[in-house]
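K.L.:
Below is the file protein-v2.cif, which contains mmCIF, C-alpha atoms.
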```
data_data
#
loop_
_atom_site.group_PDB
_atom_site.id
_atom_site.type_symbol
_atom_site.label_atom_id
_atom_site.label_comp_id
_atom_site.auth_asym_id
_atom_site.auth_seq_id
_atom_site.Cartn_x
_atom_site.Cartn_y
_atom_site.Cartn_z
ATOM 1 C CA MET D 1 34.397 -15.159 -14.436
ATOM 2 C CA LYS D 2 32.432 -12.292 -12.958
ATOM 3 C CA ARG D 3 30.987 -9.155 -14.525
ATOM 4 C CA GLU D 4 30.537 -5.800 -12.825
ATOM 5 C CA VAL D 5 26.935 -4.569 -12.722
ATOM 6 C CA LYS D 6 25.064 -1.499 -11.518
ATOM 7 C CA ILE D 7 21.499 -0.962 -10.359
ATOM 8 C CA VAL D 8 19.454 0.588 -13.158
ATOM 9 C CA GLY D 9 15.902 -0.058 -12.006
ATOM 10 C CA LEU D 10 13.728 -0.716 -8.975
ATOM 11 C CA SER D 11 9.983 -1.244 -9.191
ATOM 12 C CA TYR D 12 7.062 -2.930 -7.464
ATOM 13 C CA SER D 13 6.615 -6.585 -8.435
ATOM 14 C CA GLN D 14 3.259 -7.175 -10.105
ATOM 15 C CA SER D 15 3.602 -10.957 -9.765
ATOM 16 C CA GLN D 16 4.708 -11.242 -6.121
ATOM 17 C CA PRO D 17 2.855 -9.191 -3.493
ATOM 18 C CA ASN D 18 4.948 -7.051 -1.120
ATOM 19 C CA SER D 19 8.029 -7.582 -3.265
ATOM 20 C CA TYR D 20 10.076 -5.436 -5.619
ATOM 21 C CA VAL D 21 12.201 -6.128 -8.670
ATOM 22 C CA VAL D 22 15.691 -4.685 -8.815
ATOM 23 C CA VAL D 23 17.303 -4.610 -12.267
ATOM 24 C CA LEU D 24 21.062 -4.937 -12.568
ATOM 25 C CA SER D 25 22.882 -4.070 -15.803
ATOM 26 C CA GLU D 26 26.373 -5.007 -16.961
ATOM 27 C CA THR D 27 28.657 -1.977 -16.894
ATOM 28 C CA ASN D 28 30.563 -3.248 -19.955
ATOM 29 C CA GLY D 29 27.945 -5.315 -21.712
ATOM 30 C CA HIS D 30 24.362 -5.556 -22.849
ATOM 31 C CA ARG D 31 22.665 -7.852 -20.365
ATOM 32 C CA LYS D 32 20.251 -6.994 -17.580
ATOM 33 C CA LEU D 33 19.368 -9.156 -14.591
ATOM 34 C CA PRO D 34 15.976 -8.741 -12.851
ATOM 35 C CA ILE D 35 15.833 -10.037 -9.266
ATOM 36 C CA VAL D 36 12.885 -10.086 -6.849
ATOM 37 C CA ILE D 37 13.724 -8.664 -3.404
ATOM 38 C CA LYS D 38 11.847 -7.941 -0.170
ATOM 39 C CA ALA D 39 10.132 -4.593 0.370
ATOM 40 C CA GLN D 40 12.484 -3.663 3.221
ATOM 41 C CA ASP D 41 15.558 -4.283 1.040
ATOM 42 C CA ALA D 42 13.995 -2.236 -1.757
ATOM 43 C CA GLN D 43 13.393 0.599 0.687
ATOM 44 C CA THR D 44 17.049 0.612 1.779
ATOM 45 C CA ILE D 45 18.263 0.456 -1.822
ATOM 46 C CA ALA D 46 15.941 3.299 -2.845
ATOM 47 C CA LEU D 47 17.184 5.463 0.037
ATOM 48 C CA ARG D 48 20.796 4.851 -1.070
ATOM 49 C CA ILE D 49 20.081 5.449 -4.765
ATOM 50 C CA GLU D 50 18.219 8.683 -4.021
ATOM 51 C CA ASP D 51 20.975 9.684 -1.539
ATOM 52 C CA LEU D 52 18.509 10.377 1.271
ATOM 53 C CA LYS D 53 20.076 10.925 4.682
ATOM 54 C CA MET D 54 18.256 9.474 7.656
ATOM 55 C CA PRO D 55 18.320 11.179 11.069
ATOM 56 C CA ARG D 56 18.787 7.754 12.708
ATOM 57 C CA PRO D 57 21.107 5.049 11.335
ATOM 58 C CA LEU D 58 19.697 2.094 9.412
ATOM 59 C CA THR D 59 20.933 -1.447 10.052
ATOM 60 C CA HIS D 60 23.449 -1.298 7.200
ATOM 61 C CA ASP D 61 24.781 2.020 8.543
ATOM 62 C CA ILE D 62 25.379 0.333 11.903
ATOM 63 C CA ILE D 63 27.163 -2.556 10.183
ATOM 64 C CA LYS D 64 29.385 -0.039 8.386
ATOM 65 C CA LYS D 65 30.225 1.810 11.648
ATOM 66 C CA ILE D 66 31.141 -1.477 13.357
ATOM 67 C CA ALA D 67 33.239 -2.544 10.356
ATOM 68 C CA GLU D 68 35.041 0.802 10.316
ATOM 69 C CA GLY D 69 35.691 0.505 14.052
ATOM 70 C CA TYR D 70 37.425 -2.837 13.514
ATOM 71 C CA ARG D 71 39.100 -1.661 10.300
ATOM 72 C CA ILE D 72 37.137 -4.070 8.105
ATOM 73 C CA ASP D 73 36.499 -3.022 4.522
ATOM 74 C CA CYS D 74 33.877 -4.450 2.212
ATOM 75 C CA GLN D 75 35.697 -5.225 -1.042
ATOM 76 C CA GLU D 76 32.800 -6.420 -3.218
ATOM 77 C CA SER D 77 29.374 -8.031 -3.362
ATOM 78 C CA VAL D 78 29.008 -11.023 -5.682
ATOM 79 C CA ILE D 79 25.920 -12.848 -6.919
ATOM 80 C CA TYR D 80 27.616 -16.138 -7.733
ATOM 81 C CA LYS D 81 24.923 -18.787 -8.189
ATOM 82 C CA VAL D 82 21.223 -19.301 -8.827
ATOM 83 C CA LEU D 83 19.540 -22.531 -7.813
ATOM 84 C CA GLU D 84 15.793 -23.151 -8.160
ATOM 85 C CA GLY D 85 15.171 -19.419 -8.510
ATOM 86 C CA VAL D 86 17.204 -18.473 -5.411
ATOM 87 C CA PHE D 87 20.194 -16.202 -5.929
ATOM 88 C CA TYR D 88 23.250 -16.923 -3.768
ATOM 89 C CA CYS D 89 25.396 -13.952 -2.771
ATOM 90 C CA LYS D 90 28.423 -13.130 -0.712
ATOM 91 C CA ILE D 91 30.195 -10.023 0.395
ATOM 92 C CA SER D 92 33.986 -10.125 0.489
ATOM 93 C CA THR D 93 35.657 -8.312 3.360
ATOM 94 C CA ASN D 94 39.236 -7.599 4.397
ATOM 95 C CA ASN D 95 40.778 -6.290 7.612
ATOM 96 C CA GLY D 96 44.265 -5.752 6.209
ATOM 97 C CA ILE D 97 45.336 -9.269 7.122
ATOM 98 C CA ASP D 98 42.515 -11.708 6.418
ATOM 99 C CA ASP D 99 39.954 -11.994 3.644
ATOM 100 C CA VAL D 100 36.545 -13.221 4.777
ATOM 101 C CA ASP D 101 33.556 -14.000 2.566
ATOM 102 C CA VAL D 102 30.116 -13.699 4.184
ATOM 103 C CA GLU D 103 27.025 -15.374 2.701
ATOM 104 C CA THR D 104 24.040 -13.046 2.460
ATOM 105 C CA THR D 105 20.734 -12.465 0.721
ATOM 106 C CA VAL D 106 20.734 -10.582 -2.566
ATOM 107 C CA GLY D 107 18.928 -7.625 -0.950
ATOM 108 C CA ASP D 108 21.522 -7.352 1.792
ATOM 109 C CA ALA D 109 24.395 -7.815 -0.674
ATOM 110 C CA LEU D 110 23.120 -4.894 -2.771
ATOM 111 C CA SER D 111 22.391 -2.730 0.289
ATOM 112 C CA ILE D 112 25.851 -3.390 1.733
ATOM 113 C CA ALA D 113 27.489 -2.614 -1.626
ATOM 114 C CA LEU D 114 25.663 0.714 -1.817
ATOM 115 C CA THR D 115 26.427 1.515 1.834
ATOM 116 C CA PHE D 116 30.142 0.729 1.492
ATOM 117 C CA ASN D 117 30.325 2.087 -2.075
ATOM 118 C CA CYS D 118 31.899 -1.132 -3.315
ATOM 119 C CA PRO D 119 31.440 -2.865 -6.675
ATOM 120 C CA ILE D 120 28.676 -5.376 -7.382
ATOM 121 C CA TYR D 121 29.500 -8.417 -9.502
ATOM 122 C CA VAL D 122 27.484 -11.227 -11.069
ATOM 123 C CA THR D 123 29.113 -14.413 -12.332
ATOM 124 C CA GLU D 124 28.959 -15.233 -16.017
ATOM 125 C CA GLU D 125 27.035 -18.403 -15.156
ATOM 126 C CA VAL D 126 24.233 -16.407 -13.481
ATOM 127 C CA LEU D 127 24.102 -13.803 -16.281
ATOM 128 C CA SER D 128 24.030 -16.531 -18.938
ATOM 129 C CA THR D 129 21.216 -18.361 -17.168
ATOM 130 C CA CYS D 130 19.026 -15.467 -15.971
ATOM 131 C CA GLY D 131 20.187 -12.379 -17.857
ATOM 132 C CA ILE D 132 18.149 -10.568 -20.497
ATOM 133 C CA GLN D 133 19.928 -9.445 -23.659
ATOM 134 C CA THR D 134 19.690 -5.773 -24.693
ATOM 135 C CA ASP D 135 20.941 -3.865 -27.714
ATOM 136 C CA ASP D 136 23.383 -0.914 -27.777
ATOM 137 C CA SER D 137 20.575 1.491 -26.804
ATOM 138 C CA GLY D 138 19.492 -0.592 -23.806
ATOM 139 C CA ASN D 139 16.325 -1.872 -25.490
ATOM 140 C CA LEU D 140 15.327 -5.467 -24.825
ATOM 141 C CA VAL D 141 16.039 -7.888 -27.640
ATOM 142 C CA SER D 142 13.577 -10.754 -27.935
ATOM 143 C CA SER D 143 15.361 -13.950 -28.896
ATOM 144 C CA LYS D 144 12.340 -15.105 -30.945
ATOM 145 C CA SER D 145 11.081 -12.047 -32.796
ATOM 146 C CA LYS D 146 14.068 -9.690 -32.434
ATOM 147 C CA LYS D 147 11.620 -6.866 -31.670
ATOM 148 C CA LYS D 148 12.856 -4.008 -29.519
ATOM 149 C CA ARG D 149 11.185 -2.559 -26.473
ATOM 150 C CA LYS D 150 12.143 0.651 -24.711
ATOM 151 C CA THR D 151 13.396 0.318 -21.133
ATOM 152 C CA LYS D 152 14.428 3.916 -20.400
ATOM 153 C CA ASP D 153 12.466 4.355 -17.165
ATOM 154 C CA PRO D 154 13.611 6.136 -14.008
ATOM 155 C CA VAL D 155 15.425 3.974 -11.458
ATOM 156 C CA VAL D 156 12.638 4.402 -8.886
ATOM 157 C CA SER D 157 9.174 5.570 -9.938
ATOM 158 C CA ILE D 158 7.071 7.905 -7.828
ATOM 159 C CA ASP D 159 4.472 5.146 -7.456
ATOM 160 C CA ASP D 160 7.137 2.876 -5.985
ATOM 161 C CA LEU D 161 8.281 5.645 -3.645
ATOM 162 C CA ARG D 162 4.663 6.024 -2.491
ATOM 163 C CA ARG D 163 4.353 2.272 -1.879
ATOM 164 C CA MET D 164 7.588 2.348 0.119
ATOM 165 C CA MET D 165 6.308 5.330 2.109
ATOM 166 C CA ASP D 166 3.054 3.455 2.885
ATOM 167 C CA GLU D 167 5.062 0.383 3.904
ATOM 168 C CA ALA D 168 7.250 2.534 6.180
ATOM 169 C CA ILE D 169 4.138 3.994 7.831
ATOM 170 C CA ARG D 170 2.670 0.500 8.360
ATOM 171 C CA ASN D 171 5.978 -0.523 9.982
ATOM 172 C CA GLU D 172 5.977 2.664 12.082
ATOM 173 C CA GLU D 173 9.211 3.842 10.441
ATOM 174 C CA TYR D 174 8.118 7.451 10.441
ATOM 175 C CA GLU D 175 11.542 8.971 9.741
ATOM 176 C CA VAL D 176 11.882 6.855 6.588
ATOM 177 C CA ALA D 177 8.307 7.763 5.581
ATOM 178 C CA ALA D 178 9.035 11.475 6.042
ATOM 179 C CA GLU D 179 12.192 11.277 3.899
ATOM 180 C CA LEU D 180 10.276 9.451 1.171
ATOM 181 C CA ARG D 181 7.437 12.005 1.368
ATOM 182 C CA ASP D 182 9.953 14.831 0.964
ATOM 183 C CA LYS D 183 11.554 13.091 -2.016
ATOM 184 C CA ILE D 184 8.128 12.586 -3.650
ATOM 185 C CA THR D 185 7.255 16.255 -3.103
ATOM 186 C CA LYS D 186 10.583 17.346 -4.599
ATOM 187 C CA LEU D 187 10.187 15.106 -7.659
ATOM 188 C CA GLU D 188 6.609 16.289 -8.215
ATOM 189 C CA SER D 189 7.644 19.943 -8.009
ATOM 190 C CA GLU D 190 10.480 19.370 -10.492
ATOM 191 C CA GLY D 191 8.304 17.284 -12.810
ATOM 192 C CA LYS D 192 10.968 14.539 -12.779
ATOM 193 C CA TRP D 193 8.756 11.529 -12.240
ATOM 194 C CA LYS D 194 6.700 9.068 -14.162
ATOM 195 C CA HIS D 195 3.726 6.856 -13.306
ATOM 196 C CA PHE D 196 3.931 3.265 -14.536
#
```
Please express the file's structure as structure tokens.

P.N.:
Amino acid sequence: MKREVKIVGLSYSQSQPNSYVVVLSETNGHRKLPIVIKAQDAQTIALRIEDLKMPRPLTHDIIKKIAEGYRIDCQESVIYKVLEGVFYCKISTNNGIDDVDVETTVGDALSIALTFNCPIYVTEEVLSTCGIQTDDSGNLVSSKSKKKRKTKDPVVSIDDLRRMMDEAIRNEEYEVAAELRDKITKLESEGKWKHF
């Protein structure tokens, strides 16, 4: 059985350098699933979440154009297994005749889902094993002490956007860096950001 999830958080990983943590949450439930992803995947996800348009297409945009050209639709992205800390994912596609499942990394599965605007699912087995229980308000519920902790943070913090901008500059992705800079400036002027 699989559960639909949505991305509710993206932040820099304190435990793994040059990595980010994406947090998925059940759409009809109270569990959250934190997953470590690469910086480049986090950058793509952040651009999609913040709805930033790039002047040049990203890799996932190219994949979408090719798929559209051959009338292939991405039906869903599924995180179906975790083994020794590695999440196994697939994207399900259809061309009107055949269904084809393609194995992928979790970062690519999430990026493709956001690019194609298709649902993201996680199997019950993965959520049971790696999910974190929350209460009705979205606060974490500790299984030992039953204490609550607030988790109402923005999806992407301004500090994370700055790290992504610095990473884009290091990789000479100046268009991405400029879009992130503009987003940071906009958030700062609106006062809609938070340092962690």

K.L.:
To one decimal in Å, tell me the separation between CA of Ala39 (chain D) and CA of Glu167 (chain D).

P.N.:
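Taking CA of Ala39 (chain D) as the start and CA of Glu167 (chain D) as the end point, the length is 7.9 Å.
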
K.L.:
Show me, as a ChimeraX atom specification, the residues that have an atom within 12 Å of region 87-93 of chain D when counting all atoms listed in the file, minus same-chain residues fewer than 6 positions from it.

P.N.:
/D:33-37,64,67-68,70-81,99-114,116,118-123,125-127,129-130

K.L.:
Between CA of Glu173 (chain D) and CA of Ser15 (chain D), what is the distance in Å, rounded to a tenth?

P.N.:
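One can read the CA of Glu173 (chain D) to CA of Ser15 (chain D) distance as 25.7 Å.
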
K.L.:
State, in Å with one decimal place, the distance from CA of Val8 (chain D) to CA of Ser25 (chain D).

P.N.:
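So the two atoms, CA of Val8 (chain D) and CA of Ser25 (chain D), lie 6.4 Å apart.
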
K.L.:
Can you turn the PyMOL selection byres ((chain D and resi 178-194) around 8) into a concrete residue list for this file, as a list in words?

P.N.:
Leu52, Lys53, Met54, Pro154, Ser157, Ile158, Leu161, Arg162, Met164, Met165, Tyr174, Glu175, Val176, Ala177, His195 and Phe196 of chain D

K.L.:
Could you tell me which of D:Arg170, D:Lys6, D:His60, D:Arg31 comes closest to Glu124 (chain D) if we count all atoms listed in the file?

P.N.:
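Between D:Arg170, D:Lys6, D:His60, D:Arg31, the residue approaching Glu124 (chain D) most closely is D:Arg31.
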
K.L.:
So, counting all atoms listed in the file, which residue among D:Leu58, D:Ile132, D:Val5, D:Ile97 is closest to Thr27 (chain D)?

P.N.:
D:Val5

K.L.:
Would you please work out which residue, of D:Gly29, D:Pro57, D:Gly96, D:Gly85, is nearest to Gln133 (chain D) when using all atoms listed in the file?

P.N.:
D:Gly29

K.L.:
Kindly indicate which residue among D:Ile49, D:Ser128, D:Lys32, D:Thr59 lies nearest to Val141 (chain D), using only C-alpha atoms for the distances.

P.N.:
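Ranked by minimum distance to Val141 (chain D), first place goes to D:Lys32.
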
K.L.:
Got a sec to write region 43-92 of chain D of the block to a file, C-alpha atoms, as a compact mmCIF listing (two decimals), in the first residue's frame?

P.N.:
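Resulting contents of decode-v3.txt:
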```
# COMPACT_ATOMS: atom_id res chain seq x y z
CA GLN D 43 18.55 23.28 -5.68
CA THR D 44 16.19 21.92 -8.36
CA ILE D 45 13.50 21.16 -5.78
CA ALA D 46 13.82 24.63 -4.24
CA LEU D 47 13.50 26.27 -7.67
CA ARG D 48 10.30 24.26 -8.32
CA ILE D 49 8.83 24.93 -4.87
CA GLU D 50 9.52 28.66 -5.14
CA ASP D 51 8.21 28.63 -8.75
CA LEU D 52 11.31 30.34 -10.14
CA LYS D 53 11.57 30.39 -13.92
CA MET D 54 15.00 29.88 -15.42
CA PRO D 55 16.03 31.57 -18.67
CA ARG D 56 17.69 28.31 -19.78
CA PRO D 57 16.13 24.86 -19.26
CA LEU D 58 17.34 22.60 -16.46
CA THR D 59 17.94 18.89 -17.04
CA HIS D 60 14.48 17.93 -15.78
CA ASP D 61 12.91 20.53 -18.09
CA ILE D 62 14.70 18.89 -21.03
CA ILE D 63 13.46 15.47 -19.92
CA LYS D 64 9.91 16.85 -19.81
CA LYS D 65 10.20 18.37 -23.32
CA ILE D 66 11.49 15.06 -24.72
CA ALA D 67 8.72 13.14 -22.94
CA GLU D 68 6.08 15.53 -24.28
CA GLY D 69 7.53 15.17 -27.78
CA TYR D 70 7.07 11.39 -27.61
CA ARG D 71 3.73 11.69 -25.80
CA ILE D 72 5.06 10.14 -22.59
CA ASP D 73 3.42 11.19 -19.34
CA CYS D 74 4.86 10.79 -15.88
CA GLN D 75 2.08 9.23 -13.79
CA GLU D 76 3.72 9.15 -10.35
CA SER D 77 6.94 8.98 -8.36
CA VAL D 78 7.14 6.27 -5.70
CA ILE D 79 9.62 5.72 -2.88
CA TYR D 80 9.04 2.00 -2.46
CA LYS D 81 11.89 0.58 -0.38
CA VAL D 82 14.69 1.50 2.00
CA LEU D 83 17.68 -0.78 2.42
CA GLU D 84 20.70 0.08 4.59
CA GLY D 85 19.69 3.74 4.60
CA VAL D 86 19.28 3.96 0.80
CA PHE D 87 15.85 4.88 -0.52
CA TYR D 88 14.75 3.13 -3.72
CA CYS D 89 12.49 5.09 -6.06
CA LYS D 90 10.81 4.77 -9.41
CA ILE D 91 8.85 6.99 -11.69
CA SER D 92 5.93 5.44 -13.55
```
